[in-house]
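Visitor: So here's data01.cif (mmCIF, C-alpha atoms and all ligand atoms).
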data_input
loop_
_atom_site.label_atom_id
_atom_site.label_comp_id
_atom_site.auth_asym_id
_atom_site.auth_seq_id
_atom_site.Cartn_x
_atom_site.Cartn_y
_atom_site.Cartn_z
CA MET A 5 -37.83 10.49 2.87
CA THR A 6 -38.57 10.82 -0.84
CA PRO A 7 -37.40 14.41 -1.31
CA VAL A 8 -34.13 13.64 0.48
CA LEU A 9 -33.51 10.56 -1.65
CA ASN A 10 -34.34 12.50 -4.77
CA ALA A 11 -31.98 15.26 -3.74
CA ASN A 12 -29.16 12.77 -3.26
CA ALA A 13 -29.94 10.91 -6.46
CA SER A 14 -29.69 14.12 -8.45
CA ALA A 15 -26.46 15.19 -6.78
CA PRO A 16 -23.55 14.78 -9.20
CA ILE A 17 -21.40 11.75 -8.51
CA VAL A 18 -17.65 12.14 -8.89
CA LEU A 19 -14.76 9.72 -8.77
CA GLY A 20 -12.02 10.60 -6.26
CA VAL A 21 -8.61 9.09 -7.05
CA ASP A 22 -5.82 9.22 -4.49
CA LEU A 23 -2.47 8.16 -5.91
CA GLY A 24 0.06 7.67 -3.12
CA GLY A 25 3.47 6.06 -2.84
CA THR A 26 2.14 3.00 -1.01
CA LYS A 27 -1.54 2.80 -1.91
CA LEU A 28 -4.07 3.66 -4.57
CA ALA A 29 -7.46 4.66 -3.16
CA VAL A 30 -10.53 5.31 -5.28
CA GLY A 31 -14.05 6.25 -4.21
CA LEU A 32 -17.35 7.52 -5.57
CA VAL A 33 -18.64 10.53 -3.67
CA ASP A 34 -21.72 12.64 -4.29
CA SER A 35 -21.76 16.38 -3.74
CA THR A 36 -23.54 15.96 -0.39
CA GLY A 37 -20.50 14.05 0.86
CA ARG A 38 -21.88 10.51 0.74
CA LEU A 39 -19.17 7.95 0.02
CA LEU A 40 -21.05 5.52 -2.25
CA HIS A 41 -18.32 2.95 -2.78
CA ALA A 42 -14.56 2.81 -2.33
CA ASP A 43 -11.70 0.41 -2.81
CA ARG A 44 -7.94 0.45 -2.58
CA ALA A 45 -4.91 -1.43 -3.83
CA PRO A 46 -1.17 -1.30 -3.23
CA THR A 47 0.73 1.11 -5.51
CA LEU A 48 3.66 -1.26 -6.07
CA SER A 49 5.69 1.80 -6.94
CA HIS A 50 8.66 -0.26 -8.23
CA GLU A 51 6.55 -1.42 -11.21
CA GLY A 52 6.84 1.93 -12.98
CA PRO A 53 4.22 4.37 -14.23
CA ALA A 54 2.73 2.35 -17.12
CA ARG A 55 1.68 -0.57 -14.94
CA ILE A 56 0.68 1.65 -12.00
CA VAL A 57 -1.62 3.71 -14.23
CA GLN A 58 -3.07 0.55 -15.82
CA ARG A 59 -3.88 -0.93 -12.41
CA LEU A 60 -5.26 2.41 -11.26
CA ILE A 61 -7.65 2.46 -14.25
CA GLU A 62 -8.73 -1.11 -13.50
CA LEU A 63 -9.39 -0.15 -9.86
CA CYS A 64 -11.47 2.85 -11.01
CA ARG A 65 -13.51 0.61 -13.32
CA ARG A 66 -14.21 -1.89 -10.54
CA VAL A 67 -15.37 0.89 -8.20
CA MET A 68 -17.59 2.40 -10.93
CA GLU A 69 -19.16 -0.97 -11.77
CA VAL A 70 -20.34 -1.33 -8.18
CA GLY A 71 -21.09 2.28 -7.22
CA ALA A 72 -22.14 3.83 -10.55
CA PRO A 73 -23.19 1.00 -12.85
CA ALA A 74 -24.83 3.45 -15.28
CA GLY A 75 -21.39 5.04 -15.74
CA ASN A 76 -22.84 8.45 -14.99
CA ILE A 77 -19.96 10.15 -13.19
CA ALA A 78 -19.70 13.90 -13.67
CA ALA A 79 -15.94 14.21 -13.24
CA ILE A 80 -12.76 12.57 -12.01
CA GLY A 81 -10.67 14.29 -9.34
CA ILE A 82 -7.09 13.23 -8.66
CA GLY A 83 -4.87 13.97 -5.68
CA CYS A 84 -1.22 13.05 -6.05
CA ALA A 85 2.14 13.87 -4.47
CA GLY A 86 4.82 15.51 -6.55
CA GLN A 87 5.08 18.51 -8.79
CA ILE A 88 1.70 18.82 -10.41
CA ASP A 89 0.99 20.88 -13.50
CA SER A 90 -2.73 21.09 -12.82
CA GLY A 91 -3.43 23.07 -16.01
CA ALA A 92 -1.79 20.48 -18.26
CA GLY A 93 -2.83 17.53 -16.08
CA ILE A 94 0.72 16.26 -15.73
CA VAL A 95 2.42 14.64 -12.72
CA ARG A 96 6.19 15.10 -12.55
CA ASN A 97 8.45 12.85 -10.45
CA PRO A 98 6.57 12.28 -7.19
CA ALA A 99 9.25 11.77 -4.52
CA ASN A 100 7.53 8.60 -3.28
CA ILE A 101 7.28 6.87 -6.70
CA PRO A 102 10.68 6.24 -8.33
CA ASN A 103 11.30 6.43 -12.10
CA TRP A 104 8.01 8.16 -12.77
CA GLY A 105 9.20 10.94 -15.10
CA GLU A 106 6.32 12.94 -16.56
CA VAL A 107 2.93 11.33 -16.90
CA PRO A 108 -0.20 12.99 -18.40
CA LEU A 109 -2.32 11.30 -15.75
CA VAL A 110 -5.46 13.39 -16.29
CA SER A 111 -5.83 12.58 -19.99
CA LEU A 112 -4.99 8.89 -19.42
CA LEU A 113 -7.77 8.52 -16.82
CA SER A 114 -10.23 10.75 -18.68
CA ASP A 115 -9.85 8.82 -21.93
CA ALA A 116 -10.12 5.45 -20.21
CA LEU A 117 -13.11 6.31 -18.01
CA GLY A 118 -15.04 8.73 -20.20
CA ALA A 119 -15.29 11.76 -17.90
CA PRO A 120 -13.40 15.03 -17.57
CA GLY A 121 -10.52 14.92 -15.08
CA TYR A 122 -8.84 17.43 -12.77
CA ILE A 123 -5.75 17.17 -10.56
CA GLU A 124 -4.14 18.90 -7.57
CA ASN A 125 -1.22 17.97 -5.37
CA ASP A 126 -2.24 15.84 -2.40
CA ALA A 127 -2.05 18.62 0.21
CA ASN A 128 -4.13 21.02 -1.88
CA ALA A 129 -6.63 18.23 -2.51
CA ALA A 130 -6.81 17.49 1.22
CA ALA A 131 -7.42 21.20 1.91
CA LEU A 132 -10.32 21.19 -0.55
CA GLY A 133 -11.65 17.98 1.02
CA GLU A 134 -11.57 19.34 4.59
CA HIS A 135 -13.11 22.60 3.39
CA ARG A 136 -16.03 20.95 1.60
CA PHE A 137 -16.63 17.84 3.70
CA GLY A 138 -14.60 17.99 6.93
CA ALA A 139 -13.34 20.29 9.69
CA GLY A 140 -13.13 23.33 7.40
CA ARG A 141 -16.82 23.48 6.46
CA GLY A 142 -18.17 27.01 6.63
CA ALA A 143 -14.75 28.66 6.95
CA ARG A 144 -14.40 31.14 4.07
CA ASN A 145 -10.68 31.60 4.73
CA MET A 146 -9.02 28.40 5.86
CA VAL A 147 -5.54 26.93 5.97
CA TYR A 148 -4.93 23.21 5.98
CA MET A 149 -1.64 21.89 7.36
CA THR A 150 -0.59 18.27 7.34
CA ILE A 151 2.13 17.05 9.67
CA SER A 152 3.12 13.53 8.76
CA THR A 153 6.37 12.29 7.19
CA GLY A 154 6.73 15.81 5.84
CA VAL A 155 4.81 19.05 6.40
CA GLY A 156 2.45 20.27 3.70
CA GLY A 157 -0.45 22.61 3.27
CA GLY A 158 -3.23 24.13 1.26
CA VAL A 159 -4.84 27.54 1.48
CA ILE A 160 -8.49 28.38 0.83
CA ILE A 161 -9.19 32.08 0.23
CA ASP A 162 -12.77 33.27 -0.21
CA ASP A 163 -13.91 29.62 -0.49
CA LYS A 164 -11.47 28.88 -3.32
CA LEU A 165 -8.15 27.05 -3.39
CA TYR A 166 -5.26 29.48 -3.75
CA ARG A 167 -2.87 27.96 -6.32
CA GLY A 168 -0.33 30.74 -6.81
CA GLU A 169 1.26 31.58 -10.14
CA ASN A 170 1.88 28.01 -11.33
CA GLY A 171 -0.04 25.84 -8.90
CA ASN A 172 2.58 25.43 -6.18
CA ALA A 173 1.38 27.81 -3.47
CA ALA A 174 1.14 26.81 0.19
CA GLU A 175 4.30 24.75 0.58
CA LEU A 176 3.92 25.46 4.28
CA GLY A 177 6.58 22.92 5.25
CA HIS A 178 9.12 25.19 3.63
CA ILE A 179 8.42 28.32 5.63
CA THR A 180 11.76 29.40 7.13
CA VAL A 181 11.75 29.07 10.90
CA ASP A 182 15.54 29.41 11.35
CA TYR A 183 17.39 31.50 8.77
CA ARG A 184 20.70 30.22 10.17
CA GLY A 185 19.47 26.65 10.31
CA ARG A 186 20.09 23.48 8.36
CA ARG A 187 19.93 23.18 4.58
CA CYS A 188 16.67 21.64 3.35
CA PRO A 189 16.53 19.35 0.29
CA CYS A 190 14.32 22.04 -1.30
CA GLY A 191 17.37 24.34 -1.40
CA CYS A 192 16.20 26.72 1.33
CA ILE A 193 17.59 27.10 4.87
CA GLY A 194 15.87 26.20 8.13
CA CYS A 195 12.51 25.01 6.76
CA LEU A 196 9.71 24.12 9.20
CA GLU A 197 9.66 20.56 7.86
CA LEU A 198 13.27 19.98 8.99
CA TYR A 199 12.24 20.48 12.63
CA ALA A 200 8.56 19.67 12.98
CA SER A 201 7.70 16.83 10.58
CA GLY A 202 7.05 13.30 11.80
CA SER A 203 10.45 12.32 10.39
CA ALA A 204 12.18 15.16 12.25
CA ILE A 205 10.41 14.35 15.52
CA ALA A 206 11.37 10.69 15.21
CA ALA A 207 15.00 11.56 14.39
CA GLU A 208 15.19 13.76 17.49
CA ALA A 209 13.81 10.95 19.66
CA ARG A 210 16.28 8.45 18.19
CA ALA A 211 19.19 10.84 18.80
CA LEU A 212 18.24 11.33 22.47
CA ILE A 213 17.92 7.57 23.04
CA GLN A 214 21.15 6.81 21.20
CA GLY A 215 22.75 9.49 23.38
CA GLY A 216 21.94 7.39 26.46
CA LEU A 217 18.38 8.25 27.53
CA SER A 218 15.99 5.41 28.26
CA SER A 219 12.54 5.38 26.68
CA SER A 220 9.53 3.09 26.22
CA MET A 221 9.74 3.92 22.50
CA THR A 222 12.62 1.46 22.01
CA ALA A 223 10.53 -1.53 23.09
CA ALA A 224 7.40 -0.23 21.34
CA ALA A 225 9.20 0.08 18.00
CA GLY A 226 11.33 -3.05 18.50
CA SER A 227 14.52 -1.11 17.79
CA VAL A 228 15.72 2.48 18.16
CA ASP A 229 16.41 2.66 14.42
CA VAL A 230 12.77 2.23 13.43
CA ILE A 231 11.14 4.69 15.83
CA THR A 232 8.66 6.86 13.90
CA GLY A 233 6.66 9.98 14.68
CA ARG A 234 3.71 7.81 15.62
CA HIS A 235 5.80 6.04 18.27
CA VAL A 236 6.65 9.45 19.73
CA VAL A 237 2.97 10.44 19.84
CA GLU A 238 2.00 7.14 21.48
CA ALA A 239 4.80 7.40 24.06
CA LEU A 240 3.81 11.00 24.78
CA ARG A 241 0.28 9.82 25.63
CA GLN A 242 1.78 7.36 28.08
CA GLY A 243 3.90 9.99 29.80
CA ASP A 244 7.29 8.97 28.42
CA ALA A 245 9.93 11.54 29.47
CA VAL A 246 11.94 11.42 26.22
CA ALA A 247 8.82 11.86 24.11
CA ARG A 248 7.89 14.82 26.31
CA GLN A 249 11.34 16.37 25.84
CA VAL A 250 11.09 16.00 22.06
CA TRP A 251 7.56 17.41 22.07
CA ASP A 252 8.48 20.42 24.20
CA GLY A 253 11.26 21.22 21.75
CA VAL A 254 9.06 20.91 18.68
CA LEU A 255 6.01 22.88 19.86
CA PRO A 256 7.51 26.39 19.73
CA ILE A 257 8.92 25.71 16.24
CA LEU A 258 5.57 24.47 15.03
CA GLY A 259 3.95 27.40 16.81
CA ALA A 260 6.23 29.83 14.96
CA GLY A 261 5.22 28.23 11.67
CA VAL A 262 1.51 28.44 12.49
CA VAL A 263 1.80 32.06 13.61
CA SER A 264 3.55 32.93 10.32
CA VAL A 265 0.71 31.28 8.42
CA ILE A 266 -1.88 33.27 10.40
CA HIS A 267 0.00 36.51 9.80
CA ALA A 268 0.14 35.79 6.06
CA PHE A 269 -3.46 34.72 5.48
CA ASN A 270 -5.62 35.92 8.42
CA PRO A 271 -7.72 32.72 8.31
CA SER A 272 -10.72 31.96 10.50
CA ARG A 273 -9.68 28.31 10.81
CA ILE A 274 -6.50 26.28 10.64
CA VAL A 275 -7.18 22.59 10.10
CA ILE A 276 -4.28 20.34 11.04
CA GLY A 277 -4.09 16.74 9.86
CA GLY A 278 -1.53 13.97 9.41
CA GLY A 279 -0.21 11.41 11.87
CA ILE A 280 1.22 13.96 14.31
CA ALA A 281 -2.16 15.72 14.63
CA GLN A 282 -3.47 12.49 16.13
CA ALA A 283 -1.79 13.62 19.35
CA GLY A 284 -5.05 15.56 19.78
CA GLU A 285 -5.12 17.99 22.69
CA LEU A 286 -1.48 17.20 23.51
CA LEU A 287 -0.78 19.13 20.32
CA PHE A 288 -3.69 21.53 20.07
CA ALA A 289 -3.81 22.88 23.65
CA PRO A 290 -0.18 24.12 23.71
CA LEU A 291 -0.39 25.25 20.09
CA ARG A 292 -3.48 27.36 20.83
CA ASP A 293 -1.68 28.81 23.83
CA TYR A 294 1.38 29.67 21.70
CA VAL A 295 -0.79 31.28 19.03
CA ALA A 296 -2.70 33.31 21.63
CA ARG A 297 0.58 34.70 23.00
CA HIS A 298 2.48 35.34 19.76
CA THR A 299 -0.08 36.37 17.14
CA ILE A 300 -1.16 39.92 16.32
CA PRO A 301 -4.28 40.18 18.53
CA ILE A 302 -6.80 41.20 15.88
CA MET A 303 -5.91 38.05 13.92
CA ALA A 304 -5.59 35.79 16.97
CA ARG A 305 -9.15 36.69 17.99
CA VAL A 306 -10.76 35.26 14.85
CA VAL A 307 -8.74 32.09 14.26
CA GLU A 308 -9.42 28.62 15.63
CA LEU A 309 -7.14 25.59 15.41
CA VAL A 310 -8.92 22.29 14.83
CA GLU A 311 -8.03 18.72 13.99
CA ALA A 312 -8.74 17.40 10.48
CA ARG A 313 -11.81 15.19 10.37
CA LEU A 314 -11.56 13.04 7.25
CA ALA A 315 -8.66 10.87 8.44
CA ASP A 316 -8.31 7.63 6.46
CA GLN A 317 -10.73 8.70 3.73
CA GLY A 318 -9.14 12.16 3.41
CA GLY A 319 -7.36 11.27 0.17
CA ILE A 320 -10.57 10.15 -1.55
CA TYR A 321 -12.63 13.07 -0.23
CA GLY A 322 -9.89 15.50 -1.21
CA ALA A 323 -9.74 14.14 -4.75
CA ALA A 324 -13.56 14.18 -4.93
CA ALA A 325 -13.55 17.84 -3.85
CA VAL A 326 -11.08 18.61 -6.67
CA ALA A 327 -13.63 17.15 -9.11
CA ILE A 328 -16.67 18.84 -7.55
CA GLN A 329 -15.15 22.31 -7.65
CA ASN A 330 -14.84 21.86 -11.42
CA CYS A 331 -18.33 20.42 -11.99
ZN ZN B 1 12.60 23.30 2.45
#
Can I see the file as structure tokens?
Ligand SMILES: [Zn+2]

Guide:
Amino acid sequence: MTPVLNANASAPIVLGVDLGGTKLAVGLVDSTGRLLHADRAPTLSHEGPARIVQRLIELCRRVMEVGAPAGNIAAIGIGCAGQIDSGAGIVRNPANIPNWGEVPLVSLLSDALGAPGYIENDANAAALGEHRFGAGRGARNMVYMTISTGVGGGVIIDDKLYRGENGNAAELGHITVDYRGRRCPCGCIGCLELYASGSAIAAEARALIQGGLSSSMTAAAGSVDVITGRHVVEALRQGDAVARQVWDGVLPILGAGVVSVIHAFNPSRIVIGGGIAQAGELLFAPLRDYVARHTIPIMARVVELVEARLADQGGIYGAAAVAIQNC
């Protein structure tokens, strides 16, 4: 036992900080992937950035007091939604936190906690987390896709995160799947996210039910108006005909997006996470079939589609991976 314990004790400990629109999650992780201690708190996004950052720092301090009482953390990693300037350590106007403006989050946390800090957007952080600790381990070229309220992604090339020219690469939700389609808030036309996100899936289900079809989703949600993507996934598991109709419509669009990603990056693994991926084989079996039929064969042969593994702790592990890659 002793050598193992020594190995873990000498592994650098980093602080992973996940700043989301509804919750703050902070955890101490060592480079072997052990989660030493974690805690969370509501974001209370209406309070504005000064109070959110103050409470975030207090949460970090509480976690460090329990999990790293000697204060010996090697680095702080931050995952956050929004437009991130990772070089300058600035978060600009995350869509899920109103009145944020521009906040130099990295220097605020670094100065308060006494360790160097690093930041990536939440999808890139999740890609790094899955690559280091989750379903992407061992895949030198990997793409992470998240399908939840929106669709996001992160790309690992030769074991490194691909950032693009100014840190915004891999906006996979904004791949065009219909060049004559609807206008996306991003300014583009026919983006994947408009058709295959959890929000889009739920909207399609609501439209079918409001058009006169009967579904178990209405009772499950309590009202048609509040049906979410998760309700669609749950109803699909139970054999609901409307959920099946929505799903059958979404799969080829999602398939087209995934095939485009494979053709662009030739990955050995695509890791899919987010609430919609919790459909499990109801998603992955038809998606694998679509990919096998529509992908250039030499690329189809080497790629596997797998479900993300870090689930609820993905935000903390992703942020920790951002720190570790800079240690
Ligand atoms: Zn778009």

Visitor: Taking (-15.7, 1.2, -4.7) in the coordinates of the supplied file, I want to know which residues reach to within 12 Å of it, counting all atoms listed in the file; could you give the answer as a VMD selection string?

Guide: chain A and resid 18 to 21 28 to 33 39 to 45 62 to 73 320

Visitor: Every residue with an atom at most 10 Å from (-0.4, 27.4, 18.3) (file coordinates; only C-alpha atoms) is what I'm after, so could you write them as a list in words?

Guide: Leu255, Pro256, Ile257, Leu258, Gly259, Ala260, Gly261, Val262, Val263, Ile266, Ile274, Leu287, Phe288, Ala289, Pro290, Leu291, Arg292, Asp293, Tyr294, Val295, Ala296, Arg297, His298, Thr299, Ala304, Glu308 and Leu309 of chain A

Visitor: Put those residues in a file: C-alpha atoms, as a PDB file, keeping the file's coordinate frame.

Guide:
ATOM      1  CA  LEU A 255       6.010  22.880  19.860  1.00  0.00           C
ATOM      2  CA  PRO A 256       7.510  26.390  19.730  1.00  0.00           C
ATOM      3  CA  ILE A 257       8.920  25.710  16.240  1.00  0.00           C
ATOM      4  CA  LEU A 258       5.570  24.470  15.030  1.00  0.00           C
ATOM      5  CA  GLY A 259       3.950  27.400  16.810  1.00  0.00           C
ATOM      6  CA  ALA A 260       6.230  29.830  14.960  1.00  0.00           C
ATOM      7  CA  GLY A 261       5.220  28.230  11.670  1.00  0.00           C
ATOM      8  CA  VAL A 262       1.510  28.440  12.490  1.00  0.00           C
ATOM      9  CA  VAL A 263       1.800  32.060  13.610  1.00  0.00           C
ATOM     10  CA  ILE A 266      -1.880  33.270  10.400  1.00  0.00           C
ATOM     11  CA  ILE A 274      -6.500  26.280  10.640  1.00  0.00           C
ATOM     12  CA  LEU A 287      -0.780  19.130  20.320  1.00  0.00           C
ATOM     13  CA  PHE A 288      -3.690  21.530  20.070  1.00  0.00           C
ATOM     14  CA  ALA A 289      -3.810  22.880  23.650  1.00  0.00           C
ATOM     15  CA  PRO A 290      -0.180  24.120  23.710  1.00  0.00           C
ATOM     16  CA  LEU A 291      -0.390  25.250  20.090  1.00  0.00           C
ATOM     17  CA  ARG A 292      -3.480  27.360  20.830  1.00  0.00           C
ATOM     18  CA  ASP A 293      -1.680  28.810  23.830  1.00  0.00           C
ATOM     19  CA  TYR A 294       1.380  29.670  21.700  1.00  0.00           C
ATOM     20  CA  VAL A 295      -0.790  31.280  19.030  1.00  0.00           C
ATOM     21  CA  ALA A 296      -2.700  33.310  21.630  1.00  0.00           C
ATOM     22  CA  ARG A 297       0.580  34.700  23.000  1.00  0.00           C
ATOM     23  CA  HIS A 298       2.480  35.340  19.760  1.00  0.00           C
ATOM     24  CA  THR A 299      -0.080  36.370  17.140  1.00  0.00           C
ATOM     25  CA  ALA A 304      -5.590  35.790  16.970  1.00  0.00           C
ATOM     26  CA  GLU A 308      -9.420  28.620  15.630  1.00  0.00           C
ATOM     27  CA  LEU A 309      -7.140  25.590  15.410  1.00  0.00           C
TER      28      LEU A 309
END

Visitor: Could the residues that lie within 8 Å of ligand ZN 1 (chain B), counting only C-alpha atoms and all ligand atoms, be listed as a PyMOL selection string?

Guide: chain A and resi 177-180+187-198

Visitor: Between segment 253-312 of chain A and segment 139-149 of chain A, at 10 Å or less, what are the per-residue closest atom pairs and their distances in Å? Count all atoms listed in the file, order by chain and rising residue number, and return it as JSON lines.

Guide:
{"residue": "A:Val262", "atom": "CA", "partner": "A:Met149", "partner_atom": "CA", "distance": 8.9}
{"residue": "A:Val265", "atom": "CA", "partner": "A:Val147", "partner_atom": "CA", "distance": 8.0}
{"residue": "A:Ile266", "atom": "CA", "partner": "A:Val147", "partner_atom": "CA", "distance": 8.6}
{"residue": "A:Phe269", "atom": "CA", "partner": "A:Asn145", "partner_atom": "CA", "distance": 7.9}
{"residue": "A:Asn270", "atom": "CA", "partner": "A:Asn145", "partner_atom": "CA", "distance": 7.6}
{"residue": "A:Pro271", "atom": "CA", "partner": "A:Asn145", "partner_atom": "CA", "distance": 4.8}
{"residue": "A:Ser272", "atom": "CA", "partner": "A:Asn145", "partner_atom": "CA", "distance": 5.8}
{"residue": "A:Arg273", "atom": "CA", "partner": "A:Met146", "partner_atom": "CA", "distance": 5.0}
{"residue": "A:Ile274", "atom": "CA", "partner": "A:Val147", "partner_atom": "CA", "distance": 4.8}
{"residue": "A:Val275", "atom": "CA", "partner": "A:Tyr148", "partner_atom": "CA", "distance": 4.7}
{"residue": "A:Ile276", "atom": "CA", "partner": "A:Met149", "partner_atom": "CA", "distance": 4.8}
{"residue": "A:Gly277", "atom": "CA", "partner": "A:Met149", "partner_atom": "CA", "distance": 6.2}
{"residue": "A:Gly278", "atom": "CA", "partner": "A:Met149", "partner_atom": "CA", "distance": 8.2}
{"residue": "A:Ala281", "atom": "CA", "partner": "A:Met149", "partner_atom": "CA", "distance": 9.5}
{"residue": "A:Val307", "atom": "CA", "partner": "A:Met146", "partner_atom": "CA", "distance": 9.2}
{"residue": "A:Glu308", "atom": "CA", "partner": "A:Met146", "partner_atom": "CA", "distance": 9.8}
{"residue": "A:Leu309", "atom": "CA", "partner": "A:Val147", "partner_atom": "CA", "distance": 9.7}
{"residue": "A:Val310", "atom": "CA", "partner": "A:Ala139", "partner_atom": "CA", "distance": 7.1}
{"residue": "A:Glu311", "atom": "CA", "partner": "A:Ala139", "partner_atom": "CA", "distance": 7.0}
{"residue": "A:Ala312", "atom": "CA", "partner": "A:Ala139", "partner_atom": "CA", "distance": 5.5}

Visitor: I want to know what sits within 9 Å of Gly93 of chain A, based on all atoms listed in the file, with residues of the same chain fewer than 3 positions away left out; could you give that as a compact mmCIF listing (two decimals) with C-alpha atoms, in the frame of the given file?

Guide:
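File written: out.txt
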# COMPACT_ATOMS: atom_id res chain seq x y z
CA ILE A 88 1.70 18.82 -10.41
CA ASP A 89 0.99 20.88 -13.50
CA SER A 90 -2.73 21.09 -12.82
CA VAL A 107 2.93 11.33 -16.90
CA PRO A 108 -0.20 12.99 -18.40
CA LEU A 109 -2.32 11.30 -15.75
CA VAL A 110 -5.46 13.39 -16.29
CA SER A 111 -5.83 12.58 -19.99
CA GLY A 121 -10.52 14.92 -15.08
CA TYR A 122 -8.84 17.43 -12.77
CA ILE A 123 -5.75 17.17 -10.56
CA GLU A 124 -4.14 18.90 -7.57

Visitor: Within 7 Å of segment 207-222 of chain A, counting all atoms listed in the file, which residues qualify if same-chain residues fewer than 5 places away don't, as an NGL selection string?

Guide: :A and (227-229 or 231 or 235-236 or 239 or 244 or 246-247 or 250)

Visitor: With only C-alpha atoms as the atoms that count, which of A:Pro53, A:Gly91, A:Gly154, A:Gly75 lies nearest to Leu112 of chain A?

Guide: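 Counting only C-alpha atoms, the residue closest to Leu112 of chain A is A:Pro53.
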
Visitor: Atom CA of Gln329 of chain A and atom CA of Ser152 of chain A are how many Å apart?

Guide: 26.1 Å

Visitor: Between atom CA of Arg38 of chain A and atom CA of Gln282 of chain A, measure the distance and give it in Å to one decimal.

Guide: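 Here the two named atoms are 24.1 Å from each other.
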
Visitor: Would you please work out which residue, of A:Glu169, A:Ala79, A:Asp22, A:Gly233, is nearest to Asp34 of chain A when using all atoms listed in the file?

Guide: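 Closest to Asp34 of chain A of all the choices is A:Ala79.
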
Visitor: Mind giving me the straight-line distance from atom CA of Tyr199 of chain A to atom CA of Tyr166 of chain A in Å, one decimal?

Guide: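 Value for the atom CA of Tyr199 of chain A-atom CA of Tyr166 of chain A distance: 25.6 Å.
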
Visitor: Between A:Thr232, A:Gln58, A:Gln249, A:Gln242, which has the minimum distance to Leu113 of chain A (counting only C-alpha atoms)?

Guide: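 Residue with the minimum atom-to-atom distance to Leu113 of chain A: A:Gln58.
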
Visitor: Could you give me the centre and size, in Å to one decimal, of an axis-aligned box around all listed atoms of segment 316-319 of chain A with 5 Å added on every side, as JSON?

Guide:
{"center_x": -9.0, "center_y": 9.9, "center_z": 3.3, "size_x": 13.4, "size_y": 14.5, "size_z": 16.3}

Visitor: When you count only C-alpha atoms, which of these residues is closest to Gly202 of chain A: A:Gly226, A:Thr153, A:Ala173, A:Asp162?

Guide: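 For Gly202 of chain A, the nearest of the candidates is A:Thr153.
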
Visitor: Would you mind listing what lies within 7 Å of segment 132-135 of chain A as a ChimeraX atom specification, with only C-alpha atoms counted and same-chain residues fewer than 3 positions away left out?

Guide: /A:128-129,138-141,165,312,314,318,321-322,325-326

Visitor: Near Pro102 of chain A, within 9 Å and counting all atoms listed in the file, which residues show up once chain neighbours fewer than 4 positions away are dropped, as a list in words?

Guide: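 The residues that qualify are Ser49, His50, Gly52, Pro53, Asn97 and Pro98 of chain A.
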
Visitor: Quick one: of A:Ala204, A:Phe137, A:Ala92, A:Lys164, who's nearest to Gln317 of chain A, counting all atoms listed in the file?

Guide: A:Phe137

Visitor: Could you check the closest approach to Ile161 of chain A for each of A:Ile302, A:Glu175, A:Ala323, A:Ala268 and tell me which residue wins, using only C-alpha atoms?

Guide: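 So, comparing all the options, the nearest one is A:Ala268.
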